[in-house]
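Colleague: What follows is the file target_39.cif, containing mmCIF, N, CA, C and O atoms:
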```
data_final
#
loop_
_atom_site.label_atom_id
_atom_site.label_comp_id
_atom_site.auth_asym_id
_atom_site.auth_seq_id
_atom_site.Cartn_x
_atom_site.Cartn_y
_atom_site.Cartn_z
N ALA A 1 29.14 155.50 -108.49
CA ALA A 1 29.22 156.66 -107.62
C ALA A 1 28.12 156.61 -106.57
O ALA A 1 28.36 156.92 -105.40
N LYS A 2 26.93 156.21 -107.01
CA LYS A 2 25.81 156.13 -106.07
C LYS A 2 26.10 155.11 -104.97
O LYS A 2 25.85 155.37 -103.80
N ALA A 3 26.64 153.96 -105.35
CA ALA A 3 26.97 152.92 -104.37
C ALA A 3 28.03 153.41 -103.39
O ALA A 3 27.95 153.15 -102.19
N ALA A 4 29.03 154.13 -103.91
CA ALA A 4 30.08 154.66 -103.04
C ALA A 4 29.49 155.64 -102.03
O ALA A 4 29.86 155.62 -100.85
N LEU A 5 28.61 156.49 -102.49
CA LEU A 5 27.96 157.44 -101.58
C LEU A 5 27.16 156.71 -100.51
O LEU A 5 27.18 157.09 -99.35
N GLU A 6 26.45 155.68 -100.92
CA GLU A 6 25.62 154.93 -99.97
C GLU A 6 26.47 154.19 -98.95
O GLU A 6 26.13 154.11 -97.78
N ILE A 7 27.62 153.65 -99.39
CA ILE A 7 28.46 152.86 -98.50
C ILE A 7 29.32 153.74 -97.60
O ILE A 7 29.38 153.54 -96.40
N TYR A 8 30.01 154.70 -98.18
CA TYR A 8 31.03 155.43 -97.44
C TYR A 8 30.59 156.73 -96.79
O TYR A 8 31.27 157.23 -95.92
N TRP A 9 29.49 157.29 -97.19
CA TRP A 9 29.11 158.59 -96.66
C TRP A 9 27.84 158.54 -95.82
O TRP A 9 27.18 159.55 -95.63
N GLN A 10 27.51 157.37 -95.28
CA GLN A 10 26.35 157.27 -94.40
C GLN A 10 26.59 158.00 -93.08
O GLN A 10 25.66 158.47 -92.45
N ASP A 11 27.83 158.05 -92.67
CA ASP A 11 28.20 158.76 -91.44
C ASP A 11 29.59 159.40 -91.66
O ASP A 11 30.08 159.42 -92.78
N ASP A 12 30.18 159.88 -90.60
CA ASP A 12 31.48 160.56 -90.77
C ASP A 12 32.67 159.64 -90.54
O ASP A 12 33.80 160.11 -90.40
N SER A 13 32.46 158.33 -90.55
CA SER A 13 33.57 157.41 -90.27
C SER A 13 34.65 157.47 -91.35
O SER A 13 35.84 157.38 -91.04
N LEU A 14 34.27 157.61 -92.62
CA LEU A 14 35.29 157.70 -93.68
C LEU A 14 36.12 158.97 -93.52
O LEU A 14 37.34 158.92 -93.57
N SER A 15 35.47 160.10 -93.28
CA SER A 15 36.23 161.34 -93.15
C SER A 15 37.13 161.31 -91.91
O SER A 15 38.26 161.80 -91.95
N ALA A 16 36.67 160.68 -90.84
CA ALA A 16 37.51 160.55 -89.65
C ALA A 16 38.71 159.64 -89.93
O ALA A 16 39.83 159.93 -89.50
N SER A 17 38.48 158.57 -90.66
CA SER A 17 39.54 157.65 -91.03
C SER A 17 40.56 158.34 -91.93
O SER A 17 41.78 158.17 -91.76
N VAL A 18 40.09 159.11 -92.89
CA VAL A 18 40.98 159.84 -93.80
C VAL A 18 41.84 160.83 -93.01
O VAL A 18 43.04 160.95 -93.23
N LYS A 19 41.23 161.52 -92.07
CA LYS A 19 41.97 162.48 -91.26
C LYS A 19 43.06 161.78 -90.45
O LYS A 19 44.21 162.23 -90.41
N GLN A 20 42.72 160.65 -89.84
CA GLN A 20 43.69 159.90 -89.04
C GLN A 20 44.83 159.38 -89.91
O GLN A 20 46.01 159.53 -89.56
N LYS A 21 44.52 158.77 -91.05
CA LYS A 21 45.56 158.24 -91.92
C LYS A 21 46.38 159.35 -92.55
O LYS A 21 47.59 159.21 -92.74
N GLY A 22 45.75 160.48 -92.86
CA GLY A 22 46.48 161.62 -93.40
C GLY A 22 47.49 162.15 -92.41
O GLY A 22 48.63 162.48 -92.76
N THR A 23 47.09 162.23 -91.15
CA THR A 23 48.00 162.67 -90.10
C THR A 23 49.16 161.69 -89.95
O THR A 23 50.31 162.09 -89.81
N ARG A 24 48.84 160.40 -90.03
CA ARG A 24 49.90 159.38 -89.94
C ARG A 24 50.89 159.53 -91.09
O ARG A 24 52.10 159.43 -90.90
N MET A 25 50.37 159.76 -92.30
CA MET A 25 51.24 159.95 -93.45
C MET A 25 52.14 161.15 -93.24
O MET A 25 53.35 161.09 -93.49
N GLN A 26 51.57 162.26 -92.81
CA GLN A 26 52.35 163.47 -92.59
C GLN A 26 53.48 163.23 -91.60
O GLN A 26 54.64 163.56 -91.87
N LEU A 27 53.14 162.64 -90.46
CA LEU A 27 54.16 162.41 -89.43
C LEU A 27 55.26 161.47 -89.91
O LEU A 27 56.44 161.71 -89.68
N ARG A 28 54.86 160.43 -90.61
CA ARG A 28 55.84 159.45 -91.09
C ARG A 28 56.74 160.05 -92.17
O ARG A 28 57.95 159.85 -92.16
N LEU A 29 56.17 160.81 -93.11
CA LEU A 29 56.98 161.44 -94.15
C LEU A 29 57.93 162.47 -93.57
O LEU A 29 59.07 162.59 -94.00
N GLU A 30 57.47 163.22 -92.57
CA GLU A 30 58.35 164.18 -91.90
C GLU A 30 59.49 163.46 -91.18
O GLU A 30 60.63 163.94 -91.17
N GLU A 31 59.18 162.31 -90.59
CA GLU A 31 60.21 161.50 -89.93
C GLU A 31 61.23 161.00 -90.94
O GLU A 31 62.45 161.06 -90.70
N ILE A 32 60.76 160.53 -92.08
CA ILE A 32 61.66 160.06 -93.14
C ILE A 32 62.55 161.21 -93.61
O ILE A 32 63.75 161.05 -93.79
N ALA A 33 61.96 162.40 -93.79
CA ALA A 33 62.74 163.56 -94.23
C ALA A 33 63.81 163.91 -93.20
O ALA A 33 64.96 164.19 -93.57
N LYS A 34 63.47 163.87 -91.91
CA LYS A 34 64.46 164.18 -90.86
C LYS A 34 65.59 163.16 -90.84
O LYS A 34 66.74 163.51 -90.55
N ASN A 35 65.25 161.90 -91.13
CA ASN A 35 66.26 160.85 -91.12
C ASN A 35 67.20 160.92 -92.32
O ASN A 35 68.18 160.18 -92.38
N HIS A 36 66.88 161.77 -93.27
CA HIS A 36 67.69 161.92 -94.48
C HIS A 36 68.03 163.40 -94.70
O HIS A 36 67.88 163.92 -95.80
N LEU A 37 68.47 164.06 -93.65
CA LEU A 37 68.73 165.50 -93.71
C LEU A 37 69.66 165.94 -94.82
O LEU A 37 69.41 166.97 -95.45
N PRO A 38 70.73 165.21 -95.12
CA PRO A 38 71.60 165.69 -96.20
C PRO A 38 70.88 165.83 -97.54
O PRO A 38 71.28 166.62 -98.38
N ALA A 39 69.80 165.07 -97.73
CA ALA A 39 69.07 165.14 -99.00
C ALA A 39 68.15 166.36 -99.07
O ALA A 39 67.66 166.71 -100.14
N SER A 40 67.90 167.04 -97.97
CA SER A 40 67.08 168.25 -97.91
C SER A 40 65.66 168.04 -98.43
O SER A 40 65.15 168.82 -99.23
N PHE A 41 65.01 166.96 -98.00
CA PHE A 41 63.62 166.74 -98.37
C PHE A 41 62.73 167.72 -97.64
O PHE A 41 62.98 168.07 -96.50
N SER A 42 61.66 168.15 -98.30
CA SER A 42 60.61 168.90 -97.61
C SER A 42 59.30 168.19 -97.88
O SER A 42 59.11 167.57 -98.92
N VAL A 43 58.40 168.25 -96.91
CA VAL A 43 57.13 167.53 -96.98
C VAL A 43 56.00 168.53 -96.93
O VAL A 43 56.02 169.47 -96.14
N ARG A 44 55.02 168.32 -97.81
CA ARG A 44 53.83 169.18 -97.76
C ARG A 44 52.64 168.42 -98.33
O ARG A 44 52.81 167.49 -99.11
N GLY A 45 51.48 168.83 -97.92
CA GLY A 45 50.27 168.19 -98.42
C GLY A 45 49.11 168.44 -97.49
O GLY A 45 49.17 169.26 -96.57
N ARG A 46 48.06 167.66 -97.73
CA ARG A 46 46.84 167.79 -96.93
C ARG A 46 46.04 166.50 -97.09
O ARG A 46 46.02 165.91 -98.17
N GLY A 47 45.37 166.11 -96.03
CA GLY A 47 44.53 164.92 -96.10
C GLY A 47 45.36 163.70 -96.46
O GLY A 47 46.32 163.36 -95.78
N MET A 48 44.99 163.04 -97.55
CA MET A 48 45.70 161.84 -98.00
C MET A 48 46.53 162.13 -99.25
O MET A 48 46.93 161.22 -99.96
N ILE A 49 46.80 163.40 -99.51
CA ILE A 49 47.64 163.79 -100.65
C ILE A 49 48.89 164.47 -100.10
O ILE A 49 48.82 165.57 -99.57
N TRP A 50 50.03 163.78 -100.23
CA TRP A 50 51.27 164.30 -99.68
C TRP A 50 52.39 164.19 -100.71
O TRP A 50 52.36 163.34 -101.58
N GLY A 51 53.36 165.06 -100.57
CA GLY A 51 54.50 165.04 -101.46
C GLY A 51 55.78 165.27 -100.68
O GLY A 51 55.79 165.94 -99.66
N MET A 52 56.85 164.66 -101.18
CA MET A 52 58.19 164.89 -100.64
C MET A 52 59.01 165.53 -101.75
O MET A 52 59.24 164.92 -102.79
N ASP A 53 59.41 166.76 -101.52
CA ASP A 53 60.23 167.47 -102.50
C ASP A 53 61.67 167.04 -102.29
O ASP A 53 62.26 167.29 -101.24
N CYS A 54 62.23 166.39 -103.30
CA CYS A 54 63.60 165.88 -103.23
C CYS A 54 64.62 166.91 -103.69
O CYS A 54 65.83 166.65 -103.63
N GLN A 55 64.17 168.05 -104.20
CA GLN A 55 65.03 169.11 -104.72
C GLN A 55 65.75 168.71 -106.00
O GLN A 55 66.44 169.54 -106.58
N ASP A 56 65.65 167.45 -106.40
CA ASP A 56 66.40 166.92 -107.54
C ASP A 56 65.54 165.88 -108.27
O ASP A 56 65.21 164.84 -107.69
N GLY A 57 65.20 166.16 -109.51
CA GLY A 57 64.37 165.25 -110.29
C GLY A 57 65.03 163.90 -110.53
O GLY A 57 64.35 162.87 -110.58
N ASN A 58 66.35 163.89 -110.67
CA ASN A 58 67.06 162.63 -110.86
C ASN A 58 66.96 161.74 -109.63
O ASN A 58 66.76 160.53 -109.74
N LEU A 59 67.08 162.34 -108.45
CA LEU A 59 66.95 161.57 -107.21
C LEU A 59 65.52 161.06 -107.06
O LEU A 59 65.30 159.90 -106.70
N ALA A 60 64.53 161.91 -107.33
CA ALA A 60 63.14 161.49 -107.23
C ALA A 60 62.87 160.32 -108.17
O ALA A 60 62.22 159.34 -107.79
N ASP A 61 63.39 160.40 -109.40
CA ASP A 61 63.21 159.32 -110.36
C ASP A 61 63.87 158.04 -109.88
O ASP A 61 63.29 156.95 -109.99
N LYS A 62 65.04 158.15 -109.31
CA LYS A 62 65.75 156.98 -108.80
C LYS A 62 64.96 156.34 -107.65
O LYS A 62 64.85 155.11 -107.56
N ILE A 63 64.41 157.16 -106.77
CA ILE A 63 63.60 156.66 -105.66
C ILE A 63 62.36 155.94 -106.20
O ILE A 63 62.03 154.84 -105.75
N LEU A 64 61.69 156.55 -107.18
CA LEU A 64 60.50 155.92 -107.75
C LEU A 64 60.82 154.60 -108.44
O LEU A 64 60.06 153.63 -108.30
N ARG A 65 61.91 154.54 -109.18
CA ARG A 65 62.28 153.28 -109.85
C ARG A 65 62.60 152.20 -108.81
O ARG A 65 62.19 151.05 -108.96
N THR A 66 63.28 152.58 -107.75
CA THR A 66 63.59 151.62 -106.68
C THR A 66 62.31 151.18 -105.98
O THR A 66 62.12 149.99 -105.71
N ALA A 67 61.41 152.11 -105.70
CA ALA A 67 60.13 151.77 -105.07
C ALA A 67 59.33 150.82 -105.94
O ALA A 67 58.71 149.87 -105.44
N PHE A 68 59.35 151.05 -107.24
CA PHE A 68 58.59 150.20 -108.16
C PHE A 68 59.09 148.75 -108.10
O PHE A 68 58.28 147.82 -108.12
N THR A 69 60.40 148.57 -108.00
CA THR A 69 60.94 147.20 -107.91
C THR A 69 60.50 146.51 -106.63
O THR A 69 60.50 145.29 -106.56
N LYS A 70 60.10 147.28 -105.63
CA LYS A 70 59.63 146.74 -104.36
C LYS A 70 58.11 146.57 -104.33
O LYS A 70 57.55 146.16 -103.32
N GLY A 71 57.44 146.97 -105.43
CA GLY A 71 55.99 146.81 -105.51
C GLY A 71 55.18 148.05 -105.19
O GLY A 71 53.97 147.98 -105.05
N LEU A 72 55.84 149.20 -105.10
CA LEU A 72 55.14 150.45 -104.78
C LEU A 72 55.08 151.33 -106.02
O LEU A 72 56.12 151.67 -106.60
N ILE A 73 53.89 151.67 -106.44
CA ILE A 73 53.69 152.51 -107.62
C ILE A 73 53.44 153.94 -107.15
O ILE A 73 52.52 154.20 -106.38
N MET A 74 54.29 154.85 -107.64
CA MET A 74 54.17 156.27 -107.28
C MET A 74 54.42 157.09 -108.53
O MET A 74 54.74 156.55 -109.58
N GLU A 75 54.29 158.39 -108.41
CA GLU A 75 54.58 159.28 -109.53
C GLU A 75 55.24 160.54 -109.00
O GLU A 75 55.26 160.79 -107.80
N THR A 76 55.80 161.30 -109.94
CA THR A 76 56.44 162.55 -109.55
C THR A 76 55.59 163.74 -110.02
O THR A 76 54.71 163.60 -110.85
N ALA A 77 55.91 164.87 -109.47
CA ALA A 77 55.27 166.14 -109.83
C ALA A 77 56.34 167.21 -109.69
O ALA A 77 57.48 166.93 -109.35
N GLY A 78 55.95 168.43 -109.94
CA GLY A 78 56.89 169.54 -109.82
C GLY A 78 57.49 169.90 -111.16
O GLY A 78 57.52 169.10 -112.09
N ALA A 79 57.98 171.11 -111.26
CA ALA A 79 58.53 171.64 -112.51
C ALA A 79 59.69 170.81 -113.04
O ALA A 79 59.89 170.69 -114.24
N ARG A 80 60.45 170.19 -112.13
CA ARG A 80 61.61 169.38 -112.53
C ARG A 80 61.42 167.91 -112.18
O ARG A 80 62.37 167.15 -112.14
N GLY A 81 60.16 167.52 -111.91
CA GLY A 81 59.89 166.13 -111.53
C GLY A 81 60.54 165.76 -110.21
O GLY A 81 60.85 164.61 -109.96
N GLN A 82 60.69 166.73 -109.33
CA GLN A 82 61.44 166.54 -108.10
C GLN A 82 60.58 166.17 -106.89
O GLN A 82 61.10 165.89 -105.82
N VAL A 83 59.26 166.13 -107.06
CA VAL A 83 58.37 165.84 -105.94
C VAL A 83 57.81 164.43 -106.08
O VAL A 83 57.23 164.08 -107.11
N ILE A 84 58.00 163.63 -105.06
CA ILE A 84 57.42 162.29 -105.01
C ILE A 84 56.01 162.44 -104.45
O ILE A 84 55.83 162.97 -103.35
N ARG A 85 55.03 161.97 -105.19
CA ARG A 85 53.63 162.11 -104.77
C ARG A 85 53.14 160.84 -104.10
O ARG A 85 53.29 159.75 -104.62
N CYS A 86 52.53 161.00 -102.95
CA CYS A 86 51.92 159.90 -102.20
C CYS A 86 50.41 160.09 -102.25
O CYS A 86 49.88 161.03 -101.65
N LEU A 87 49.73 159.20 -102.97
CA LEU A 87 48.29 159.33 -103.19
C LEU A 87 47.59 157.99 -102.98
O LEU A 87 47.04 157.41 -103.91
N PRO A 88 47.54 157.49 -101.75
CA PRO A 88 46.86 156.22 -101.53
C PRO A 88 45.34 156.41 -101.64
O PRO A 88 44.83 157.52 -101.47
N PRO A 89 44.61 155.32 -101.89
CA PRO A 89 43.15 155.44 -101.90
C PRO A 89 42.63 155.82 -100.52
O PRO A 89 43.24 155.46 -99.50
N LEU A 90 41.55 156.54 -100.48
CA LEU A 90 40.98 156.97 -99.20
C LEU A 90 40.62 155.78 -98.31
O LEU A 90 40.60 155.89 -97.09
N THR A 91 40.32 154.65 -98.92
CA THR A 91 39.88 153.47 -98.17
C THR A 91 41.02 152.51 -97.85
O THR A 91 40.78 151.39 -97.40
N VAL A 92 42.27 152.93 -98.05
CA VAL A 92 43.42 152.05 -97.77
C VAL A 92 43.40 151.66 -96.29
O VAL A 92 43.06 152.47 -95.43
N SER A 93 43.76 150.41 -96.03
CA SER A 93 43.84 149.97 -94.63
C SER A 93 45.10 150.56 -93.99
O SER A 93 46.06 150.91 -94.68
N GLU A 94 45.08 150.65 -92.68
CA GLU A 94 46.25 151.18 -91.98
C GLU A 94 47.47 150.29 -92.20
O GLU A 94 48.59 150.78 -92.34
N ALA A 95 47.25 148.97 -92.27
CA ALA A 95 48.36 148.04 -92.48
C ALA A 95 49.00 148.24 -93.85
O ALA A 95 50.22 148.26 -93.98
N VAL A 96 48.17 148.42 -94.88
CA VAL A 96 48.70 148.62 -96.23
C VAL A 96 49.38 149.99 -96.32
O VAL A 96 50.42 150.13 -96.97
N LEU A 97 48.83 150.99 -95.67
CA LEU A 97 49.46 152.31 -95.65
C LEU A 97 50.85 152.23 -95.02
O LEU A 97 51.82 152.76 -95.57
N GLU A 98 50.96 151.55 -93.89
CA GLU A 98 52.26 151.40 -93.22
C GLU A 98 53.24 150.64 -94.11
O GLU A 98 54.41 151.00 -94.20
N LYS A 99 52.75 149.60 -94.77
CA LYS A 99 53.62 148.84 -95.66
C LYS A 99 54.16 149.74 -96.78
O LYS A 99 55.34 149.70 -97.11
N GLY A 100 53.29 150.56 -97.35
CA GLY A 100 53.71 151.47 -98.41
C GLY A 100 54.72 152.49 -97.91
O GLY A 100 55.71 152.78 -98.59
N LEU A 101 54.51 153.03 -96.73
CA LEU A 101 55.45 154.00 -96.17
C LEU A 101 56.80 153.34 -95.87
O LEU A 101 57.85 153.94 -96.08
N ASN A 102 56.76 152.09 -95.40
CA ASN A 102 58.01 151.35 -95.17
C ASN A 102 58.74 151.10 -96.48
O ASN A 102 59.97 151.25 -96.55
N LEU A 103 58.01 150.72 -97.52
CA LEU A 103 58.62 150.50 -98.83
C LEU A 103 59.25 151.79 -99.35
O LEU A 103 60.34 151.77 -99.91
N LEU A 104 58.54 152.91 -99.17
CA LEU A 104 59.09 154.19 -99.61
C LEU A 104 60.37 154.52 -98.87
O LEU A 104 61.37 154.92 -99.48
N GLU A 105 60.37 154.34 -97.56
CA GLU A 105 61.57 154.64 -96.78
C GLU A 105 62.74 153.75 -97.22
O GLU A 105 63.87 154.22 -97.38
N ASN A 106 62.47 152.47 -97.45
CA ASN A 106 63.52 151.57 -97.92
C ASN A 106 64.04 151.98 -99.28
O ASN A 106 65.25 151.92 -99.55
N ALA A 107 63.14 152.41 -100.17
CA ALA A 107 63.55 152.87 -101.50
C ALA A 107 64.43 154.11 -101.40
O ALA A 107 65.42 154.25 -102.13
N ILE A 108 64.07 155.03 -100.51
CA ILE A 108 64.88 156.23 -100.30
C ILE A 108 66.26 155.85 -99.78
O ILE A 108 67.28 156.36 -100.27
N ASP A 109 66.30 154.95 -98.81
CA ASP A 109 67.59 154.49 -98.27
C ASP A 109 68.48 153.93 -99.38
O ASP A 109 69.65 154.26 -99.46
N GLU A 110 67.91 153.09 -100.24
CA GLU A 110 68.67 152.49 -101.32
C GLU A 110 69.11 153.53 -102.35
O GLU A 110 70.23 153.50 -102.84
N ALA A 111 68.22 154.44 -102.70
CA ALA A 111 68.51 155.42 -103.74
C ALA A 111 69.59 156.40 -103.29
O ALA A 111 70.41 156.84 -104.10
N ILE A 112 69.60 156.72 -102.04
CA ILE A 112 70.61 157.67 -101.53
C ILE A 112 71.92 156.95 -101.32
O ILE A 112 72.97 157.42 -101.59
#
```
Turn the structure described in the file into structure tokens.

Modeller:
Amino acid sequence: AKAALEIYWQDDSLSASVKQKGTRMQLRLEEIAKNHLPASFSVRGRGMIWGMDCQDGNLADKILRTAFTKGLIMETAGARGQVIRCLPPLTVSEAVLEKGLNLLENAIDEAI
């Protein structure tokens, strides 16, 4: 913990990076939701913690299983397991974040 504080919190670059990547996640997830309107996805979150409510736990589970086969590890939340949770590490690179979002979109396409 001490090393992490010394490395990442010397200035505000980490918090600025988190804000930028969080905004990118939000915009991309909202775009994915719009592209799949019949599924009635809703997106909510803050920072680098985002969720897509699939309204259906079976669909969310199918999306997660498909994503896993593509190399993306995710989990569900919500009372019926209907929310797909996106929780990348704060230090994720923009390239890896984009790759993960692309994998998620492909998994959604396949699952639907």

Colleague: Do a neighbour search on Gln55 of chain A at 8 Å with only N, CA, C and O atoms, toss out local chain neighbours closer than 6 positions, and write the hits as a list in words.

Modeller: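 The neighbour list is Ala39, Ser40, Phe41, Ser42, Arg80, Gly81, Gln82, Val83 and Ile84 of chain A.
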
Colleague: Rounded to one decimal place, report the atom CA of His36 of chain A-atom CA of Lys99 of chain A distance in Å.

Modeller: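 Here the two named atoms are 19.2 Å from each other.
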
Colleague: Which polymer residues have any atom within 9 Å of an atom of segment 88-91 of chain A, counting only C-alpha atoms, with same-chain residues fewer than 4 positions away left out, as a PyMOL selection string?

Modeller: chain A and resi 14-15+17-18+21+48-49+97+100

Colleague: Take the residues from that selection and put them in a file with N, CA, C and O atoms, as a PDB file, in the frame of the given file.

Modeller:
```pdb
ATOM      1  N   LEU A  14      34.270 157.610 -92.620  1.00  0.00           N
ATOM      2  CA  LEU A  14      35.290 157.700 -93.680  1.00  0.00           C
ATOM      3  C   LEU A  14      36.120 158.970 -93.520  1.00  0.00           C
ATOM      4  O   LEU A  14      37.340 158.920 -93.570  1.00  0.00           O
ATOM      5  N   SER A  15      35.470 160.100 -93.280  1.00  0.00           N
ATOM      6  CA  SER A  15      36.230 161.340 -93.150  1.00  0.00           C
ATOM      7  C   SER A  15      37.130 161.310 -91.910  1.00  0.00           C
ATOM      8  O   SER A  15      38.260 161.800 -91.950  1.00  0.00           O
ATOM      9  N   SER A  17      38.480 158.570 -90.660  1.00  0.00           N
ATOM     10  CA  SER A  17      39.540 157.650 -91.030  1.00  0.00           C
ATOM     11  C   SER A  17      40.560 158.340 -91.930  1.00  0.00           C
ATOM     12  O   SER A  17      41.780 158.170 -91.760  1.00  0.00           O
ATOM     13  N   VAL A  18      40.090 159.110 -92.890  1.00  0.00           N
ATOM     14  CA  VAL A  18      40.980 159.840 -93.800  1.00  0.00           C
ATOM     15  C   VAL A  18      41.840 160.830 -93.010  1.00  0.00           C
ATOM     16  O   VAL A  18      43.040 160.950 -93.230  1.00  0.00           O
ATOM     17  N   LYS A  21      44.520 158.770 -91.050  1.00  0.00           N
ATOM     18  CA  LYS A  21      45.560 158.240 -91.920  1.00  0.00           C
ATOM     19  C   LYS A  21      46.380 159.350 -92.550  1.00  0.00           C
ATOM     20  O   LYS A  21      47.590 159.210 -92.740  1.00  0.00           O
ATOM     21  N   MET A  48      44.990 163.040 -97.550  1.00  0.00           N
ATOM     22  CA  MET A  48      45.700 161.840 -98.000  1.00  0.00           C
ATOM     23  C   MET A  48      46.530 162.130 -99.250  1.00  0.00           C
ATOM     24  O   MET A  48      46.930 161.220 -99.960  1.00  0.00           O
ATOM     25  N   ILE A  49      46.800 163.400 -99.510  1.00  0.00           N
ATOM     26  CA  ILE A  49      47.640 163.790-100.650  1.00  0.00           C
ATOM     27  C   ILE A  49      48.890 164.470-100.100  1.00  0.00           C
ATOM     28  O   ILE A  49      48.820 165.570 -99.570  1.00  0.00           O
ATOM     29  N   LEU A  97      48.830 150.990 -95.670  1.00  0.00           N
ATOM     30  CA  LEU A  97      49.460 152.310 -95.650  1.00  0.00           C
ATOM     31  C   LEU A  97      50.850 152.230 -95.020  1.00  0.00           C
ATOM     32  O   LEU A  97      51.820 152.760 -95.570  1.00  0.00           O
ATOM     33  N   GLY A 100      53.290 150.560 -97.350  1.00  0.00           N
ATOM     34  CA  GLY A 100      53.710 151.470 -98.410  1.00  0.00           C
ATOM     35  C   GLY A 100      54.720 152.490 -97.910  1.00  0.00           C
ATOM     36  O   GLY A 100      55.710 152.780 -98.590  1.00  0.00           O
TER      37      GLY A 100
END
```

Colleague: Can you give me, as number ranges by chain, the residues this file yields under the PyMOL selection byres ((chain A and resi 57-64) around 8)?

Modeller: A: 52-56, 65-77, 79-84, 103-104, 106-112

Colleague: Which value, in Å to one decimal, gives the distance between atom N of Glu30 of chain A and atom O of Gly51 of chain A?

Modeller: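 Straight-line distance from atom N of Glu30 of chain A to atom O of Gly51 of chain A works out to 7.8 Å.
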
Colleague: Apply DSSP to the backbone of this structure and, from chain A, keep only the residues in strand (DSSP E); write these as a count of residues only.

Modeller: 17

Colleague: Among segment 17-98 of chain A, which ones does DSSP place in alpha helix (DSSP H), written as number ranges by chain?

Modeller: A: 17-35, 57-69, 94-98

Colleague: Work out how far apart atom CA of Trp50 of chain A and atom CA of Cys86 of chain A are and give it in Å to one decimal.

Modeller: 5.1 Å

Colleague: List as a list in words: which residues have an atom within 6 Å of (58.9, 155.3, -93.2), counting all atoms listed in the file?

Modeller: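 Result, sorted by chain then residue number: Arg28, Ile32, Leu101, Asn102, Leu104 and Glu105 of chain A.
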